[in-house]
Amino acid sequence: MKIRVIAAALTAAGLVLTGCGRSDTGPSTGPAGGSPVASGSATGNLTMWAMGAEGEKLPDLLKDFTASHPGIKVNVTAVPWDSAHDKFANAITANTTPDIAMVGTTWMGEFAQLDALDPTPANIDKSKFFPGAQATTEVDGTSYGIPWYVETRLVFYRKDLAQKVGLTEVPKDWDSFKTFVTKMKGAPGVKYPIALLPGGTGSWQTVMPFAWSNGAQLANGNAWTLDSPEMAEAWTYYQSFFTAGLADKAPVAGSTEADFASGKVPMFISGPWMMSAVEKLGGAGFADKYDVFVMPVKKTSSSFVGGSNLAVFKNTKARDAAWTLAEWLTQPEVQVKWYKLSTDLPSVQSAWQDPSLTGDTKLAQFGVQMKTAVAPPTFPTWEQVAVKFDGAMERVAKQNANVGDTLKTLQADATSIGTGS
Amino acid sequence: MLEKRPAWATALTYVLLSLALIAVTAPFIWMVLGSVKTDAELRQVPPTWWPDAATLDNYTQLFARMNFAQYFVNSVIVATVVTVGNLLFCSMLGYALAMLNFRFKNLVLALVLGTLMIPGVVTFIPLYVLVVNLGMADTLPGLFVPFLAAPFGVFLMRQFVQGLPADLIDAGRVDGAGELAIFGRIILPLLGPAMATLGILTFLGSWNNFLWPLVVAQNEHSYTLPVALALYTTGQNQTNYGLMLAGACVVVLPLLIVFLLFQRRFIEGIATTGIK
């Protein structure tokens with residue numbers, strides 16, 4: 001798009017404008033961050049931003065909230081996921097942030113560094129959340145929000161095809177996982193037994209579960225640790241699926257669901273939203289033809305935790321009301337109700353005891369994996385390093401590059417980008 | 001006067017033009033056909049060209065879930081006001097830069113050309129802060145006021161006006177016309193083709209603009225069509241392609257109508273100015 005500076009200048013000079021939007025206010029001079037909120041009695045008008053389907057469905061859920069909190073009015077603005085980050089970044093610069101918002105877990109470091117977020121009040125119980133999810137809110141030891149909903153990555157596989165090649169037990173460790181995938185290749189109609197991302201955007205979310213399961217870490221304190229022996233071992237293991245012809249080096253983007261439903265590629269690693277996607281494609285009865293299992297163990301079984309957090313912006317004029325709403329959204333019964341409305345998985349561990357979640361054996365597996373799931377560090381520079389990570393993996397998977405050398409380069413790149421602190 | 005072209009050259013021309021036509025229209029046809037396919041069919045490998053089982057579900061969903069009329073009206077208002085603003089202000093400044101003599105004329109021209117060189121991303125945040133400080137965030141004017149005159153339009157108009165004979169203006173002066181009368185009664189009527197070009201390009205740009213309305217609108221009520229479409233079709237981890245294609249068809253339709261209405265003048269404009 002073209003933005004016309006001269007137009008703006010002419011406009012400013014030539015037009016008399018009366019403001020009718022939100023007035024520009026400086027940073028709130030309210031209570032210092034982290035102090036407890038006056039729960040129960042808070043009042044105020046809240047503007048809340050939520051992305052995509054969450055923004056669309058949230059007003060339904062909030063009817064209960066406004067009924068029990070008559071003093072608080074919530075106005076939800078649904079923001080498209082596409083470019084939502086830009087909208088937040090602009091709003092932070094111009095001081096037009098909402099009072100409370102759904103914030104992507106990987107944005108926390110950046111927004112906290114811009115001093116936009118209000119630290120979580122001390123009286124909110126942080127131990128009720130999955131530890132991996134709670135960690136996504138913590139920047140430099142301070143928590144700047146609370147986990148709202150979570151997702152983690154599991155291995156999806158076609159149970160019916162596995163049975164055809166005599167596989168009845170799901171693999172528990174790396175060796176048996178490799179054997180399992182290799183045998184799956186023999187199932188009728190299978191082209192590649194597993195779909196793994198050969199680098200490219202977001203591939204770290206599939207690679208890191210293997211690395212974390214091998215005890216590797218992305219960073220230690222304030223230093224990147226991308227070339228550790230554990231990381232190298234995991235990358236070599238991941239690479240071996242491509243060199244052995246078990247995974248396609250050049251899969252067609254967006255074909256995972258269709259190939260899984262047709263049985264061409266009967267395994268992949270992804271998140272809970274894939275269940276409805278493959279069931280929609282597979283048709284009636286497909287839900288019984290596939291299953292999921294947790295990441296195979298090397299030292300642990302540690303997958304990736306994603307989802308979204310709730311954050312209150314420092315600029316808010318109704319801090320107590322905003323935190324009251326955030327806390328209400330993480331009550332176990334509200335989380336269960338939200339799951340039923342949106343299929344977003346609860347971030348609060350006790351909500352998983354509800355029959356609507358325990359009754360589904362596949363979902364229960366996600367619940368198991370969540371307990372040990374890990375998130376990348378909340379450095380503001382992580383997104384930049386992630387791009388380098390994905391590029392490095394692409395060379396390893398597609399061009400069979402040497403893992404040791406590639407990781408050394410990646411480590412050097414990451415170190416020059418820094419950790420933002 | 002014309003030499004007769006050999007038959008093979010004519011044939012070659014037709015083949016090349018047909019290939020170009022296919023290359024240009026195929027994605028468009030695919031979009032229209034895709035909008036009546038189910039999501040499952042769209043994800044099918046290999047993809048189908050003709051829908052197996054045509055369905056209007058995507059359209060039903062689109063109109064049921066979206067407050068379509070509101071977004072459509074917003075889009076029309078913004079695109080129309082921006083277009084009218086550009087036609088008026090760009091032709092005024094373009095005329096002044098081409099025909100009038102005043103102090104700092106060359107400086108103004110250099111400024112206009114200079115802003116043409118600056119990429120939009122650089123000025124995005126400052127412009128947003130400016131709009132917020134003017135109290136226009138979350139208002140419809142916030143969506144169009146910054147774009148009422150564009151350097152490209154000024155440049156286009158200046159080049160076009162320079163091609164007009166200066167005698168016309170002198171004749172006007174002799175007859176006692178003021179500057180406004182000269183501009184309004186002599187110059188404007190001659191600007192037809194350039195206006196059509198600028199009008200359609202501006203309308204197109206404004207209609208498809210995504211990031212600015214997304215950032216400025218603080219409330220769904222002031223969303224424009226592209227923003228609303230992105231909201232309902234793209235999720236955090238998944239995209240509803242059927243809905244997206246149906247939405248694209250709906251967004252493109254008004255543009256097609258505008259283009260067909262102005263098509264002749266538009267092509268004339270390109271031919272006359274030699275600038276796209």
# chains A, B, ... in the order shown; residues from 1 in each chain; ligands from 1
>>> residues_around(residues="Gly34 in chain B", least_positions_apart="2", cutoff="8 Å", atoms="only C-alpha atoms", output="list in words")
Trp30, Met31, Val32, Val36, Lys37, Leu42, Pro51, Gly242, Leu245 and Ala246 of chain B
>>> interface_residues(of="chain B", to="chain A", cutoff="7 Å", atoms="only C-alpha atoms", output="PyMOL selection string")
chain B and resi 40+43-45+115+120+123-125+129+132-139+146-151+209+214-215+219-220+230-232+234-236
>>> residues_around(residues="Val297 in chain A", least_positions_apart="2", cutoff="10 Å", atoms="only C-alpha atoms", output="PDB file with N, CA and C atoms, in the first residue's frame")
ATOM      1  N   PRO A 171       4.587 -46.802  19.566  1.00  0.00           N
ATOM      2  CA  PRO A 171       5.986 -46.742  19.984  1.00  0.00           C
ATOM      3  C   PRO A 171       6.178 -45.786  21.148  1.00  0.00           C
ATOM      4  N   LYS A 172       7.066 -46.175  22.051  1.00  0.00           N
ATOM      5  CA  LYS A 172       7.292 -45.358  23.248  1.00  0.00           C
ATOM      6  C   LYS A 172       8.605 -44.583  23.164  1.00  0.00           C
ATOM      7  N   ASP A 173       9.610 -45.133  22.491  1.00  0.00           N
ATOM      8  CA  ASP A 173      10.897 -44.434  22.451  1.00  0.00           C
ATOM      9  C   ASP A 173      11.352 -44.232  21.006  1.00  0.00           C
ATOM     10  N   TRP A 174      12.504 -43.559  20.860  1.00  0.00           N
ATOM     11  CA  TRP A 174      12.972 -43.181  19.523  1.00  0.00           C
ATOM     12  C   TRP A 174      13.202 -44.385  18.615  1.00  0.00           C
ATOM     13  N   ASP A 175      13.821 -45.444  19.180  1.00  0.00           N
ATOM     14  CA  ASP A 175      14.129 -46.611  18.351  1.00  0.00           C
ATOM     15  C   ASP A 175      12.856 -47.270  17.837  1.00  0.00           C
ATOM     16  N   SER A 176      11.908 -47.486  18.759  1.00  0.00           N
ATOM     17  CA  SER A 176      10.681 -48.157  18.325  1.00  0.00           C
ATOM     18  C   SER A 176       9.853 -47.247  17.420  1.00  0.00           C
ATOM     19  N   PHE A 177      10.001 -45.929  17.596  1.00  0.00           N
ATOM     20  CA  PHE A 177       9.293 -44.983  16.727  1.00  0.00           C
ATOM     21  C   PHE A 177       9.795 -45.131  15.288  1.00  0.00           C
ATOM     22  N   PHE A 210      11.371 -33.167  19.366  1.00  0.00           N
ATOM     23  CA  PHE A 210      12.401 -34.206  19.413  1.00  0.00           C
ATOM     24  C   PHE A 210      13.594 -33.723  20.229  1.00  0.00           C
ATOM     25  N   TRP A 212      13.734 -31.302  22.551  1.00  0.00           N
ATOM     26  CA  TRP A 212      13.400 -31.197  23.973  1.00  0.00           C
ATOM     27  C   TRP A 212      13.340 -32.581  24.617  1.00  0.00           C
ATOM     28  N   SER A 213      12.831 -33.552  23.871  1.00  0.00           N
ATOM     29  CA  SER A 213      12.745 -34.908  24.411  1.00  0.00           C
ATOM     30  C   SER A 213      14.132 -35.516  24.620  1.00  0.00           C
ATOM     31  N   ASN A 214      15.128 -34.917  23.974  1.00  0.00           N
ATOM     32  CA  ASN A 214      16.498 -35.403  24.130  1.00  0.00           C
ATOM     33  C   ASN A 214      17.269 -34.555  25.138  1.00  0.00           C
ATOM     34  N   VAL A 294       1.664 -39.712  22.377  1.00  0.00           N
ATOM     35  CA  VAL A 294       2.581 -38.660  22.831  1.00  0.00           C
ATOM     36  C   VAL A 294       3.946 -38.834  22.178  1.00  0.00           C
ATOM     37  N   MET A 295       4.749 -37.781  22.181  1.00  0.00           N
ATOM     38  CA  MET A 295       6.071 -37.801  21.558  1.00  0.00           C
ATOM     39  C   MET A 295       6.908 -38.941  22.139  1.00  0.00           C
ATOM     40  N   LYS A 299      15.002 -39.002  26.358  1.00  0.00           N
ATOM     41  CA  LYS A 299      15.206 -38.863  27.800  1.00  0.00           C
ATOM     42  C   LYS A 299      13.870 -38.573  28.478  1.00  0.00           C
ATOM     43  N   THR A 300      13.044 -37.740  27.787  1.00  0.00           N
ATOM     44  CA  THR A 300      11.699 -37.430  28.275  1.00  0.00           C
ATOM     45  C   THR A 300      10.777 -37.456  27.060  1.00  0.00           C
ATOM     46  N   SER A 301       9.498 -37.189  27.277  1.00  0.00           N
ATOM     47  CA  SER A 301       8.579 -36.973  26.174  1.00  0.00           C
ATOM     48  C   SER A 301       8.093 -35.536  26.297  1.00  0.00           C
ATOM     49  N   SER A 302       8.737 -34.629  25.560  1.00  0.00           N
ATOM     50  CA  SER A 302       8.434 -33.207  25.728  1.00  0.00           C
ATOM     51  C   SER A 302       8.057 -32.592  24.394  1.00  0.00           C
TER      52      SER A 302
END
>>> closest_residue(among="A:Phe241, A:Phe379, A:Phe111, A:Phe389", to="Ala223 in chain A", atoms="only C-alpha atoms")
A:Phe379
>>> select_by_dssp(residues="range 179-413 of chain A", states="helix (DSSP H, G or I)", output="VMD selection string")
chain A and resid 179 to 184 204 to 213 229 to 243 256 to 262 273 to 282 286 to 288 319 to 329 332 to 342 349 to 353 355 to 358 361 to 370 382 to 398 403 to 413
>>> write_last_selection(atoms="C-alpha atoms", output="short mmCIF file (atom, residue, chain, number, x, y, z; two decimals), in the first residue's frame")
data_model
loop_
_atom_site.label_atom_id
_atom_site.label_comp_id
_atom_site.auth_asym_id
_atom_site.auth_seq_id
_atom_site.Cartn_x
_atom_site.Cartn_y
_atom_site.Cartn_z
CA THR A 179 10.83 -49.03 13.47
CA PHE A 180 7.13 -48.18 13.60
CA VAL A 181 7.45 -45.57 10.84
CA THR A 182 9.58 -47.91 8.72
CA LYS A 183 6.99 -50.68 8.98
CA MET A 184 4.19 -48.26 8.16
CA TRP A 204 10.77 -25.66 14.61
CA GLN A 205 7.46 -26.58 16.24
CA THR A 206 7.87 -30.10 14.85
CA VAL A 207 11.65 -30.34 15.30
CA MET A 208 11.93 -29.00 18.83
CA PRO A 209 9.71 -31.69 20.41
CA PHE A 210 12.40 -34.21 19.41
CA ALA A 211 15.18 -31.94 20.70
CA TRP A 212 13.40 -31.20 23.97
CA SER A 213 12.75 -34.91 24.41
CA PRO A 229 25.30 -32.33 21.36
CA GLU A 230 21.69 -33.08 22.38
CA MET A 231 20.39 -30.69 19.72
CA ALA A 232 22.69 -32.23 17.11
CA GLU A 233 21.53 -35.74 17.99
CA ALA A 234 17.88 -34.74 17.64
CA TRP A 235 18.53 -33.02 14.30
CA THR A 236 20.40 -36.05 13.01
CA TYR A 237 17.49 -38.26 14.07
CA TYR A 238 15.02 -35.90 12.35
CA GLN A 239 17.19 -35.78 9.22
CA SER A 240 17.34 -39.58 9.05
CA PHE A 241 13.63 -39.74 8.20
CA PHE A 242 14.33 -37.77 5.04
CA THR A 243 17.50 -39.63 4.05
CA THR A 256 -1.24 -33.12 5.10
CA GLU A 257 -4.92 -33.58 5.95
CA ALA A 258 -5.91 -34.96 2.55
CA ASP A 259 -2.94 -37.36 2.39
CA PHE A 260 -3.72 -38.59 5.89
CA ALA A 261 -7.38 -39.18 5.05
CA SER A 262 -6.49 -41.04 1.85
CA TRP A 273 -7.21 -28.69 15.58
CA MET A 274 -6.15 -31.39 13.14
CA MET A 275 -8.67 -33.82 14.66
CA SER A 276 -11.71 -32.00 13.30
CA ALA A 277 -9.87 -31.24 10.06
CA VAL A 278 -9.06 -34.87 9.22
CA GLU A 279 -12.42 -36.12 10.44
CA LYS A 280 -14.17 -33.66 8.15
CA LEU A 281 -12.12 -34.93 5.20
CA GLY A 282 -12.23 -38.61 6.13
CA PHE A 286 -12.94 -41.86 10.25
CA ALA A 287 -12.54 -40.97 13.92
CA ASP A 288 -12.15 -44.70 14.68
CA ARG A 319 -6.85 -2.40 35.73
CA ASP A 320 -8.84 -4.15 38.45
CA ALA A 321 -11.74 -4.88 36.11
CA ALA A 322 -9.38 -6.20 33.43
CA TRP A 323 -7.66 -8.61 35.77
CA THR A 324 -11.02 -9.65 37.21
CA LEU A 325 -12.06 -10.64 33.70
CA ALA A 326 -8.77 -12.45 33.05
CA GLU A 327 -9.10 -14.38 36.27
CA TRP A 328 -12.72 -15.25 35.54
CA LEU A 329 -11.72 -16.68 32.15
CA PRO A 332 -12.05 -24.27 35.65
CA GLU A 333 -15.79 -24.31 34.89
CA VAL A 334 -15.47 -21.30 32.56
CA GLN A 335 -12.58 -23.02 30.81
CA VAL A 336 -14.71 -26.13 30.27
CA LYS A 337 -17.57 -24.04 28.94
CA TRP A 338 -15.14 -22.23 26.63
CA TYR A 339 -13.80 -25.58 25.40
CA LYS A 340 -17.34 -26.60 24.47
CA LEU A 341 -17.90 -23.31 22.64
CA SER A 342 -14.57 -23.03 20.85
CA GLN A 349 -4.98 -28.33 34.80
CA SER A 350 -8.01 -29.05 36.99
CA ALA A 351 -10.40 -28.27 34.11
CA TRP A 352 -9.15 -31.44 32.42
CA GLN A 353 -11.00 -33.56 35.00
CA PRO A 355 -16.03 -35.58 31.72
CA SER A 356 -16.26 -33.68 28.43
CA LEU A 357 -12.46 -33.87 28.22
CA THR A 358 -11.69 -37.15 29.99
CA THR A 361 -9.38 -40.75 24.61
CA LYS A 362 -7.56 -38.69 22.00
CA LEU A 363 -8.00 -35.46 23.95
CA ALA A 364 -6.80 -37.21 27.08
CA GLN A 365 -3.49 -37.87 25.30
CA PHE A 366 -3.13 -34.14 24.68
CA GLY A 367 -3.76 -33.63 28.38
CA VAL A 368 -0.97 -36.07 29.23
CA GLN A 369 1.46 -34.40 26.83
CA MET A 370 0.61 -30.92 28.16
CA TRP A 382 12.97 -15.47 19.30
CA GLU A 383 10.85 -14.94 16.16
CA GLN A 384 13.97 -13.76 14.31
CA VAL A 385 15.99 -16.74 15.48
CA ALA A 386 13.10 -19.06 14.62
CA VAL A 387 13.36 -17.92 10.99
CA LYS A 388 17.05 -18.86 10.99
CA PHE A 389 16.21 -22.16 12.68
CA ASP A 390 13.64 -23.01 10.00
CA GLY A 391 16.10 -22.08 7.25
CA ALA A 392 18.82 -24.24 8.77
CA MET A 393 16.46 -27.20 9.06
CA GLU A 394 15.52 -26.76 5.42
CA ARG A 395 19.16 -27.23 4.39
CA VAL A 396 19.48 -30.28 6.63
CA ALA A 397 16.27 -31.93 5.45
CA LYS A 398 16.27 -31.03 1.77
CA VAL A 403 24.05 -31.24 11.00
CA GLY A 404 27.10 -30.21 13.04
CA ASP A 405 28.19 -27.50 10.60
CA THR A 406 24.64 -26.21 10.10
CA LEU A 407 24.06 -25.92 13.83
CA LYS A 408 27.36 -24.10 14.30
CA THR A 409 26.25 -21.52 11.71
CA LEU A 410 22.81 -21.32 13.31
CA GLN A 411 24.36 -20.76 16.73
CA ALA A 412 26.56 -17.99 15.32
CA ASP A 413 23.57 -16.36 13.61
#
>>> closest_residue(among="B:Met244, B:Ala98, B:Leu12, B:Ala177", to="Tyr59 in chain B", atoms="only C-alpha atoms")
B:Met244
>>> atom_distance(atom1="CA of Ala195 in chain A", atom2="CA of Phe268 in chain A")
4.8 Å
>>> residues_around(residues="range 78-86 of chain B", least_positions_apart="3", cutoff="6 Å", atoms="only C-alpha atoms", output="list in words")
Ser75, Phe89, Cys90, Phe144, Leu148, Ala149, Gly199, Thr202, Phe203, Ser206 and Trp207 of chain B
>>> write_last_selection(atoms="N, CA, C and O atoms", output="PDB file, in the first residue's frame")
ATOM      1  N   SER B  75     -16.572  -0.044   3.078  1.00  0.00           N
ATOM      2  CA  SER B  75     -15.641  -0.130   1.962  1.00  0.00           C
ATOM      3  C   SER B  75     -16.015   0.852   0.865  1.00  0.00           C
ATOM      4  O   SER B  75     -15.151   1.536   0.314  1.00  0.00           O
ATOM      5  N   PHE B  89      -7.998  16.824  -5.720  1.00  0.00           N
ATOM      6  CA  PHE B  89      -6.765  17.451  -5.240  1.00  0.00           C
ATOM      7  C   PHE B  89      -5.586  17.207  -6.179  1.00  0.00           C
ATOM      8  O   PHE B  89      -4.773  18.095  -6.412  1.00  0.00           O
ATOM      9  N   CYS B  90      -5.489  15.989  -6.715  1.00  0.00           N
ATOM     10  CA  CYS B  90      -4.352  15.697  -7.587  1.00  0.00           C
ATOM     11  C   CYS B  90      -4.426  16.514  -8.866  1.00  0.00           C
ATOM     12  O   CYS B  90      -3.411  16.997  -9.359  1.00  0.00           O
ATOM     13  N   PHE B 144      -9.975   7.352   5.591  1.00  0.00           N
ATOM     14  CA  PHE B 144      -9.751   7.942   4.260  1.00  0.00           C
ATOM     15  C   PHE B 144      -8.992   9.264   4.243  1.00  0.00           C
ATOM     16  O   PHE B 144      -8.333   9.552   3.257  1.00  0.00           O
ATOM     17  N   LEU B 148      -6.361  11.248   0.840  1.00  0.00           N
ATOM     18  CA  LEU B 148      -7.162  12.048  -0.086  1.00  0.00           C
ATOM     19  C   LEU B 148      -6.370  12.591  -1.270  1.00  0.00           C
ATOM     20  O   LEU B 148      -6.952  12.973  -2.284  1.00  0.00           O
ATOM     21  N   ALA B 149      -5.074  12.674  -1.145  1.00  0.00           N
ATOM     22  CA  ALA B 149      -4.261  13.089  -2.286  1.00  0.00           C
ATOM     23  C   ALA B 149      -2.996  12.255  -2.276  1.00  0.00           C
ATOM     24  O   ALA B 149      -2.396  12.070  -1.224  1.00  0.00           O
ATOM     25  N   GLY B 199      -8.730   7.482 -11.323  1.00  0.00           N
ATOM     26  CA  GLY B 199      -9.893   7.072 -10.548  1.00  0.00           C
ATOM     27  C   GLY B 199      -9.918   5.572 -10.317  1.00  0.00           C
ATOM     28  O   GLY B 199     -10.081   5.095  -9.193  1.00  0.00           O
ATOM     29  N   THR B 202      -6.962   4.377  -8.100  1.00  0.00           N
ATOM     30  CA  THR B 202      -7.142   4.765  -6.701  1.00  0.00           C
ATOM     31  C   THR B 202      -8.234   3.925  -6.046  1.00  0.00           C
ATOM     32  O   THR B 202      -8.081   3.434  -4.932  1.00  0.00           O
ATOM     33  N   PHE B 203      -9.331   3.751  -6.754  1.00  0.00           N
ATOM     34  CA  PHE B 203     -10.433   2.965  -6.216  1.00  0.00           C
ATOM     35  C   PHE B 203      -9.964   1.546  -5.903  1.00  0.00           C
ATOM     36  O   PHE B 203     -10.229   0.997  -4.839  1.00  0.00           O
ATOM     37  N   SER B 206      -7.621   1.498  -2.854  1.00  0.00           N
ATOM     38  CA  SER B 206      -8.319   1.756  -1.610  1.00  0.00           C
ATOM     39  C   SER B 206      -9.231   0.579  -1.247  1.00  0.00           C
ATOM     40  O   SER B 206      -9.325   0.174  -0.096  1.00  0.00           O
ATOM     41  N   TRP B 207      -9.881   0.025  -2.250  1.00  0.00           N
ATOM     42  CA  TRP B 207     -10.793  -1.100  -2.027  1.00  0.00           C
ATOM     43  C   TRP B 207     -10.052  -2.306  -1.451  1.00  0.00           C
ATOM     44  O   TRP B 207     -10.546  -3.010  -0.585  1.00  0.00           O
TER      45      TRP B 207
END
>>> atom_distance(atom1="CA of Gly306 in chain A", atom2="CA of Thr142 in chain A")
19.3 Å
>>> select_by_dssp(residues="range 97-268 of chain A", states="strand (DSSP E or B)", output="ChimeraX atom specification")
/A:100-104,117,129,138-139,142-143,146-152,154-158,173,194-195,219-220,223-224,247,267-268
>>> write_last_selection(atoms="N, CA and C atoms", output="tab-separated table (two decimals), in the first residue's frame")
chain	number	residue	atom	x	y	z
A	100	ILE	N	-7.47	-5.18	27.71
A	100	ILE	CA	-7.06	-6.57	27.88
A	100	ILE	C	-7.12	-7.22	26.50
A	101	ALA	N	-6.25	-8.18	26.26
A	101	ALA	CA	-6.25	-8.81	24.94
A	101	ALA	C	-5.73	-10.22	25.02
A	102	MET	N	-6.13	-10.96	24.01
A	102	MET	CA	-5.56	-12.28	23.77
A	102	MET	C	-4.22	-12.01	23.06
A	103	VAL	N	-3.15	-12.59	23.59
A	103	VAL	CA	-1.83	-12.33	23.03
A	103	VAL	C	-1.15	-13.65	22.70
A	104	GLY	N	-0.65	-13.78	21.50
A	104	GLY	CA	0.06	-14.99	21.09
A	104	GLY	C	1.23	-15.25	22.02
A	117	LEU	N	2.91	-4.25	28.86
A	117	LEU	CA	2.07	-5.18	29.61
A	117	LEU	C	2.16	-4.95	31.12
A	129	PHE	N	-1.93	-23.52	36.34
A	129	PHE	CA	-1.75	-23.68	34.90
A	129	PHE	C	-0.71	-24.76	34.61
A	138	GLU	N	6.23	-15.60	31.24
A	138	GLU	CA	7.30	-15.05	32.07
A	138	GLU	C	8.44	-14.51	31.23
A	139	VAL	N	8.70	-13.22	31.40
A	139	VAL	CA	9.79	-12.57	30.70
A	139	VAL	C	10.75	-12.05	31.76
A	142	THR	N	9.52	-12.16	35.40
A	142	THR	CA	8.24	-11.56	35.77
A	142	THR	C	7.15	-12.09	34.87
A	143	SER	N	6.00	-12.41	35.46
A	143	SER	CA	4.88	-12.91	34.68
A	143	SER	C	4.03	-11.74	34.19
A	146	ILE	N	-1.65	-14.33	31.82
A	146	ILE	CA	-1.95	-15.69	32.23
A	146	ILE	C	-2.34	-16.52	31.01
A	147	PRO	N	-1.99	-17.81	31.04
A	147	PRO	CA	-2.34	-18.67	29.91
A	147	PRO	C	-3.87	-18.78	29.81
A	148	TRP	N	-4.39	-18.65	28.60
A	148	TRP	CA	-5.85	-18.73	28.41
A	148	TRP	C	-6.22	-20.11	27.89
A	149	TYR	N	-5.66	-20.47	26.75
A	149	TYR	CA	-5.90	-21.81	26.25
A	149	TYR	C	-4.59	-22.35	25.69
A	150	VAL	N	-4.52	-23.66	25.54
A	150	VAL	CA	-3.25	-24.27	25.16
A	150	VAL	C	-3.44	-25.25	24.02
A	151	GLU	N	-2.35	-25.60	23.41
A	151	GLU	CA	-2.35	-26.71	22.45
A	151	GLU	C	-0.95	-27.31	22.50
A	152	THR	N	-0.86	-28.56	22.14
A	152	THR	CA	0.45	-29.19	22.06
A	152	THR	C	0.45	-30.16	20.89
A	154	LEU	N	1.13	-33.76	18.97
A	154	LEU	CA	1.22	-35.21	19.16
A	154	LEU	C	1.46	-35.86	17.81
A	155	VAL	N	1.76	-37.17	17.86
A	155	VAL	CA	1.89	-37.94	16.64
A	155	VAL	C	0.50	-38.49	16.28
A	156	PHE	N	0.04	-38.19	15.08
A	156	PHE	CA	-1.20	-38.73	14.56
A	156	PHE	C	-0.85	-39.94	13.70
A	157	TYR	N	-1.61	-41.04	13.80
A	157	TYR	CA	-1.34	-42.17	12.91
A	157	TYR	C	-2.63	-42.91	12.56
A	158	ARG	N	-2.59	-43.57	11.42
A	158	ARG	CA	-3.76	-44.32	10.97
A	158	ARG	C	-3.74	-45.70	11.61
A	173	ASP	N	9.61	-45.13	22.49
A	173	ASP	CA	10.90	-44.43	22.45
A	173	ASP	C	11.35	-44.23	21.01
A	194	ILE	N	5.42	-40.95	6.91
A	194	ILE	CA	5.18	-39.84	7.85
A	194	ILE	C	5.40	-38.50	7.16
A	195	ALA	N	4.57	-37.52	7.52
A	195	ALA	CA	4.75	-36.15	7.01
A	195	ALA	C	5.50	-35.35	8.07
A	219	ALA	N	17.98	-22.22	24.76
A	219	ALA	CA	18.86	-21.26	25.40
A	219	ALA	C	19.07	-21.65	26.85
A	220	ASN	N	20.20	-21.17	27.37
A	220	ASN	CA	20.49	-21.38	28.77
A	220	ASN	C	20.78	-20.01	29.35
A	223	ALA	N	21.98	-17.09	26.94
A	223	ALA	CA	22.80	-17.50	25.80
A	223	ALA	C	22.10	-18.60	25.02
A	224	TRP	N	22.13	-18.49	23.71
A	224	TRP	CA	21.56	-19.54	22.88
A	224	TRP	C	22.41	-20.81	22.99
A	247	ALA	N	10.13	-39.72	4.83
A	247	ALA	CA	9.36	-38.47	4.78
A	247	ALA	C	9.69	-37.74	3.49
A	267	MET	N	0.93	-40.79	8.74
A	267	MET	CA	1.35	-40.24	10.04
A	267	MET	C	1.77	-38.79	9.87
A	268	PHE	N	1.56	-37.99	10.91
A	268	PHE	CA	2.11	-36.64	10.95
A	268	PHE	C	2.14	-36.17	12.39
>>> closest_residue(among="B:Leu100, B:Met157, B:Leu204, B:Ala217", to="Val131 in chain B", atoms="only C-alpha atoms")
B:Ala217
>>> decode(residues="range 86-95 of chain B", atoms="N, CA and C atoms", output="PDB file, in the first residue's frame")
ATOM      1  N   ASN B  86      -8.810  12.216  -4.457  1.00  0.00           N
ATOM      2  CA  ASN B  86      -7.638  12.156  -5.330  1.00  0.00           C
ATOM      3  C   ASN B  86      -7.895  12.856  -6.653  1.00  0.00           C
ATOM      4  N   LEU B  87      -9.094  12.624  -7.222  1.00  0.00           N
ATOM      5  CA  LEU B  87      -9.405  13.242  -8.513  1.00  0.00           C
ATOM      6  C   LEU B  87      -9.363  14.767  -8.393  1.00  0.00           C
ATOM      7  N   LEU B  88      -9.919  15.273  -7.294  1.00  0.00           N
ATOM      8  CA  LEU B  88      -9.996  16.722  -7.131  1.00  0.00           C
ATOM      9  C   LEU B  88      -8.618  17.317  -6.808  1.00  0.00           C
ATOM     10  N   PHE B  89      -7.998  16.824  -5.720  1.00  0.00           N
ATOM     11  CA  PHE B  89      -6.765  17.451  -5.240  1.00  0.00           C
ATOM     12  C   PHE B  89      -5.586  17.207  -6.179  1.00  0.00           C
ATOM     13  N   CYS B  90      -5.489  15.989  -6.715  1.00  0.00           N
ATOM     14  CA  CYS B  90      -4.352  15.697  -7.587  1.00  0.00           C
ATOM     15  C   CYS B  90      -4.426  16.514  -8.866  1.00  0.00           C
ATOM     16  N   SER B  91      -5.648  16.692  -9.391  1.00  0.00           N
ATOM     17  CA  SER B  91      -5.736  17.453 -10.636  1.00  0.00           C
ATOM     18  C   SER B  91      -5.454  18.930 -10.373  1.00  0.00           C
ATOM     19  N   MET B  92      -5.868  19.432  -9.210  1.00  0.00           N
ATOM     20  CA  MET B  92      -5.580  20.830  -8.868  1.00  0.00           C
ATOM     21  C   MET B  92      -4.080  21.064  -8.772  1.00  0.00           C
ATOM     22  N   LEU B  93      -3.414  20.223  -7.961  1.00  0.00           N
ATOM     23  CA  LEU B  93      -1.981  20.416  -7.779  1.00  0.00           C
ATOM     24  C   LEU B  93      -1.235  20.109  -9.069  1.00  0.00           C
ATOM     25  N   GLY B  94      -1.687  19.095  -9.774  1.00  0.00           N
ATOM     26  CA  GLY B  94      -1.041  18.742 -11.038  1.00  0.00           C
ATOM     27  C   GLY B  94      -1.123  19.889 -12.034  1.00  0.00           C
ATOM     28  N   TYR B  95      -2.278  20.535 -12.074  1.00  0.00           N
ATOM     29  CA  TYR B  95      -2.470  21.689 -12.967  1.00  0.00           C
ATOM     30  C   TYR B  95      -1.545  22.829 -12.559  1.00  0.00           C
TER      31      TYR B  95
END
